[in-house]
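Structure record follows, encoded as structure tokens.
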Amino acid sequence: MKKLLEEEILEQLRSTMADAHKIVLTCHTNPDGDALGSMTALASVLRRQGHEVVAVAPDRWPDNLLWLPGMDGVQMYVKNEDSVKSQIADADLVVMLDHGRLDRMSTLGEAIADLDARRIVIDHHPEPEEGADVVVCCPALCAACEVLYRVLDQLGWADDLTHDEAVSIYTGMMTDTGGFTYASSRPEVYAIISRLLEKGVDKDKIYRNIYYTASADRFRLLGYLLYVKMEIMHEFHTAIMTFTNEERRMFKIKNGETDGMVNQPLMIDKMRLSIFLREDTEQKDIIRVSLRSVDDFPCNEMSAEFFNGGGHKNASGGKIHGTMDDAIALVRKAVRKYADKLR
């Protein structure tokens, strides 16, 4: 496998980690399988090497990821701010996983910015902000977990991965590619998968844990969204679905149960873009935006321009400040702005 890092960066990364006693691992808000997979895997690796590690997610994670090895050691910053701040106050290193910007952590980012600690970024999203001591950012790779694996491989640590660490890394790569249906055509992806399978990873069980644990309420909601809530802008080969907190209560939907629903409209013939809008469960007048596209439509560009977000070309996210009506209006404006690429 081709080396990812130049020798100078690799040694800088090695020495920065080696010199650290207490290490804080963070991820982005609304953590997904890649964020949590990379965090739990690295936390385990570093603890085995004798480091003190505090793993913190900014807010709540999906229920279908609670089984992930090491999740019992991940703390949630929201509603535990004072406790977490006291634990990270004397940290000498922060590793930001699956994101390269402090504002991707909401209020946790402010707490991290106040620390007198060095900072490492391990990510695959473009345009990390300046300020980190070591930045390993590779947008061409499918997931932060792929970046992490290749870093560990160059450090000489990949052969010693435990079964649980391999499970976390595989989960991140699988979920960030929609079960290896996009952003995963490079041979290196499957070379890594092969090496993870040698650690005893049961890929079928992981797939079931993520995608085959839905409640009956989730299925009823999906039918409702597709039949009642989906708007198709035929001229632009785009589908828009919306989901309010009132509907969440009506269908008794738990956090994370809407994951993957944004992909469903792309099964419609000639559909190029699917956009899913949902009200945030914690913050008033915040609308979360998920975008999925096919072929060469750059939904990450649309997300960055209109929705305060970013991501991959075919899978990205963001947020809108305002009501659901405001969000729908902005989405329609964005779709018309990208009309030529959608047609």
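Residue numbering restarts at 1 in every chain; chains get A, B, ... in the order shown in the structure tokens, and ligands count up from 1 in that same order.
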>> Quick one: residues within 8 Å of Ile287 of chain A, only C-alpha atoms, excluding same-chain residues fewer than 2 positions away - as number ranges by chain?
In response: A: 277-280, 285, 289, 319-324, 327
Output of the above residues as a CSV table (one decimal), in the first residue's frame, restricted to N, CA and C atoms:
chain,number,residue,atom,x,y,z
A,277,LEU,N,-34.3,17.3,5.4
A,277,LEU,CA,-34.3,18.3,6.4
A,277,LEU,C,-35.0,17.8,7.7
A,278,ARG,N,-34.3,18.0,8.8
A,278,ARG,CA,-35.0,17.6,10.1
A,278,ARG,C,-34.7,18.6,11.2
A,279,GLU,N,-35.6,18.8,12.0
A,279,GLU,CA,-35.5,19.8,13.1
A,279,GLU,C,-34.5,19.2,14.2
A,280,ASP,N,-33.6,20.0,14.6
A,280,ASP,CA,-32.7,19.6,15.7
A,280,ASP,C,-33.5,19.3,17.0
A,285,ASP,N,-35.0,26.2,16.3
A,285,ASP,CA,-34.7,26.9,15.0
A,285,ASP,C,-33.4,26.6,14.4
A,289,VAL,N,-29.4,19.4,7.8
A,289,VAL,CA,-29.5,19.1,6.4
A,289,VAL,C,-28.6,17.9,6.0
A,319,LYS,N,-26.3,22.7,8.3
A,319,LYS,CA,-27.4,23.2,9.1
A,319,LYS,C,-27.9,24.5,8.7
A,320,ILE,N,-29.1,24.8,9.0
A,320,ILE,CA,-29.8,26.1,8.6
A,320,ILE,C,-30.3,26.7,9.9
A,321,HIS,N,-30.1,28.0,10.1
A,321,HIS,CA,-30.7,28.7,11.2
A,321,HIS,C,-32.0,29.2,10.8
A,322,GLY,N,-33.1,28.8,11.4
A,322,GLY,CA,-34.4,29.3,11.0
A,322,GLY,C,-35.4,28.2,11.2
A,323,THR,N,-36.6,28.5,10.7
A,323,THR,CA,-37.7,27.5,10.7
A,323,THR,C,-37.6,26.5,9.6
A,324,MET,N,-38.5,25.5,9.6
A,324,MET,CA,-38.5,24.6,8.5
A,324,MET,C,-39.0,25.2,7.2
A,327,ALA,N,-36.0,26.8,5.8
A,327,ALA,CA,-35.1,25.8,5.3
A,327,ALA,C,-35.6,25.4,3.9
> Per DSSP on the backbone, what are the helix (DSSP H, G or I) residues of segment 205-341 of chain A, as an MDAnalysis selection string?
Replying inline: chainID A and resid 205:211 216:229 234:236 245:251 261:267 299:306 324:337 339:341
>> Env of Tyr77 of chain A: 8 Å cut, atoms = only C-alpha atoms, seq-sep filter 4 positions within chain, self excluded. Answer as a ChimeraX atom specification.
In response: /A:56-59,81,84,108
Just to be explicit: take each residue in the selection above, keep N, CA and C atoms, and write the result as a PDB file, in the first residue's frame.
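Final output, out-v2.pdb:
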ATOM      1  N   VAL A  56     -14.303  12.379  23.970  1.00  0.00           N
ATOM      2  CA  VAL A  56     -15.488  13.223  24.175  1.00  0.00           C
ATOM      3  C   VAL A  56     -16.184  13.503  22.841  1.00  0.00           C
ATOM      4  N   ALA A  57     -17.479  13.242  22.805  1.00  0.00           N
ATOM      5  CA  ALA A  57     -18.312  13.648  21.670  1.00  0.00           C
ATOM      6  C   ALA A  57     -19.088  14.905  22.071  1.00  0.00           C
ATOM      7  N   PRO A  58     -19.276  15.839  21.144  1.00  0.00           N
ATOM      8  CA  PRO A  58     -19.963  17.084  21.499  1.00  0.00           C
ATOM      9  C   PRO A  58     -21.396  16.892  21.960  1.00  0.00           C
ATOM     10  N   ASP A  59     -22.097  15.929  21.354  1.00  0.00           N
ATOM     11  CA  ASP A  59     -23.502  15.737  21.693  1.00  0.00           C
ATOM     12  C   ASP A  59     -23.893  14.283  21.456  1.00  0.00           C
ATOM     13  N   GLU A  81     -20.945  19.521  30.830  1.00  0.00           N
ATOM     14  CA  GLU A  81     -19.860  20.446  30.521  1.00  0.00           C
ATOM     15  C   GLU A  81     -18.851  20.587  31.665  1.00  0.00           C
ATOM     16  N   VAL A  84     -16.689  17.367  32.164  1.00  0.00           N
ATOM     17  CA  VAL A  84     -15.723  17.148  31.086  1.00  0.00           C
ATOM     18  C   VAL A  84     -14.607  18.179  31.149  1.00  0.00           C
ATOM     19  N   LEU A 108     -18.229  22.451  22.549  1.00  0.00           N
ATOM     20  CA  LEU A 108     -17.015  21.717  22.924  1.00  0.00           C
ATOM     21  C   LEU A 108     -15.797  22.348  22.273  1.00  0.00           C
TER      22      LEU A 108
END
Among segment 214-255 of chain A, which ones does DSSP place in strand (DSSP E or B), written as a PDB file with C-alpha atoms, in the first residue's frame?
ATOM      1  CA  GLU A 231     -41.433  16.718  -2.750  1.00  0.00           C
ATOM      2  CA  ILE A 232     -39.940  15.957  -6.153  1.00  0.00           C
ATOM      3  CA  MET A 233     -38.578  18.817  -8.246  1.00  0.00           C
ATOM      4  CA  THR A 238     -34.162  16.400  -6.960  1.00  0.00           C
ATOM      5  CA  ALA A 239     -36.164  15.091  -4.005  1.00  0.00           C
ATOM      6  CA  ILE A 240     -36.732  16.944  -0.730  1.00  0.00           C
ATOM      7  CA  MET A 241     -38.040  15.382   2.483  1.00  0.00           C
ATOM      8  CA  THR A 242     -38.768  17.127   5.782  1.00  0.00           C
ATOM      9  CA  PHE A 243     -39.117  15.815   9.328  1.00  0.00           C
TER      10      PHE A 243
END
> Excluding same-chain residues fewer than 5 positions from Pro265 of chain A, what lies within 12 Å of it counting only C-alpha atoms, as a ChimeraX atom specification?
Replying inline: /A:222-223,225-227,229-233,237-241,260,270-276,291-294
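Near Cys142 of chain A, within a cut-off of 8 Å and counting only C-alpha atoms, sit the residues His124, Met173, Asp176, Thr177, Ala183, Ser184 and Val189 of chain A, with same-chain residues fewer than 6 positions away left out.
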Considering only C-alpha atoms, tabulate each residue of segment 54-157 of chain A that lies at most 8 Å from segment 206-211 of chain A along with its nearest interatomic pair and the corresponding distance in Å to one decimal; arrange the rows by chain and ascending residue number and present them as CSV.
residue,atom,partner,partner_atom,distance
A:Asn64,CA,A:Ile210,CA,5.8
A:Leu65,CA,A:Ile210,CA,7.0
A:Trp67,CA,A:Asn209,CA,7.9
Could the residues in this selection be saved with C-alpha atoms as a PDB file, in the first residue's frame?
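The resulting file, selection07.pdb, is reproduced below:
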ATOM      1  CA  ASN A  64     -27.612   2.023  16.604  1.00  0.00           C
ATOM      2  CA  LEU A  65     -23.961   2.723  17.442  1.00  0.00           C
ATOM      3  CA  TRP A  67     -22.842  -1.542  20.561  1.00  0.00           C
TER       4      TRP A  67
END
> Neighbours of Leu161 of chain A within 12 Å (only C-alpha atoms; same-chain residues fewer than 5 positions away dropped), as a list in words?
Replying inline: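 Neighbouring residues, sequence-local ones excluded: Ala41, Leu42, Ala43, Ser44, Val45, Leu46, Arg48, Gln49, Leu148, Tyr149, Leu152, Asp153, Gly156, Ala166, Val167, Ser168, Ile169, Tyr170, Arg195, Leu196, Leu197, Glu198, Lys199, Gly200 and Val201 of chain A.
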Segment 22-25 of chain A: which residues within 7 Å, counting only C-alpha atoms, same-chain residues fewer than 6 positions away excluded, as an mmCIF file with C-alpha atoms, in the first residue's frame?
data_model
loop_
_atom_site.group_PDB
_atom_site.id
_atom_site.type_symbol
_atom_site.label_atom_id
_atom_site.label_comp_id
_atom_site.auth_asym_id
_atom_site.auth_seq_id
_atom_site.Cartn_x
_atom_site.Cartn_y
_atom_site.Cartn_z
ATOM 1 C CA MET A 39 -12.359 7.795 18.185
ATOM 2 C CA HIS A 51 -1.501 7.102 27.631
ATOM 3 C CA GLU A 52 -4.325 8.578 29.666
ATOM 4 C CA VAL A 53 -7.160 9.207 27.205
ATOM 5 C CA VAL A 54 -10.410 11.175 27.474
ATOM 6 C CA ALA A 55 -12.759 10.590 24.525
ATOM 7 C CA VAL A 56 -15.488 13.223 24.175
ATOM 8 C CA ILE A 88 -9.561 17.769 30.126
ATOM 9 C CA ALA A 91 -4.517 17.652 28.770
ATOM 10 C CA ASP A 92 -1.370 18.234 26.741
ATOM 11 C CA LEU A 93 -2.674 16.928 23.395
ATOM 12 C CA VAL A 94 -5.992 17.032 21.526
ATOM 13 C CA VAL A 95 -6.658 14.799 18.520
ATOM 14 C CA MET A 96 -9.556 15.975 16.340
#
> A:Gly50, A:Gly73, A:Gly178, A:Pro139: which is nearest Asn263 of chain A, counting only C-alpha atoms?
Replying inline: A:Gly178
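Among the candidate residues A:Trp157, A:Gly256, A:Gly70, A:Gly131, the one lying nearest to Pro31 of chain A is A:Gly256, with distances computed using only C-alpha atoms.
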>> Between atom CA of Ala132 of chain A and atom CA of Met302 of chain A, what is the distance in Å, rounded to a tenth?
In response: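 Calculated distance between atom CA of Ala132 of chain A and atom CA of Met302 of chain A is 26.7 Å.
In this structure, atom CA of Asp160 of chain A sits 19.9 Å away from atom CA of Leu5 of chain A.
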> So, counting only C-alpha atoms, which residue among A:Ser86, A:Thr175, A:Gln283, A:Ser316 is closest to Leu36 of chain A?
Replying inline: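 Comparing A:Ser86, A:Thr175, A:Gln283, A:Ser316 against Leu36 of chain A, the winner is A:Thr175.
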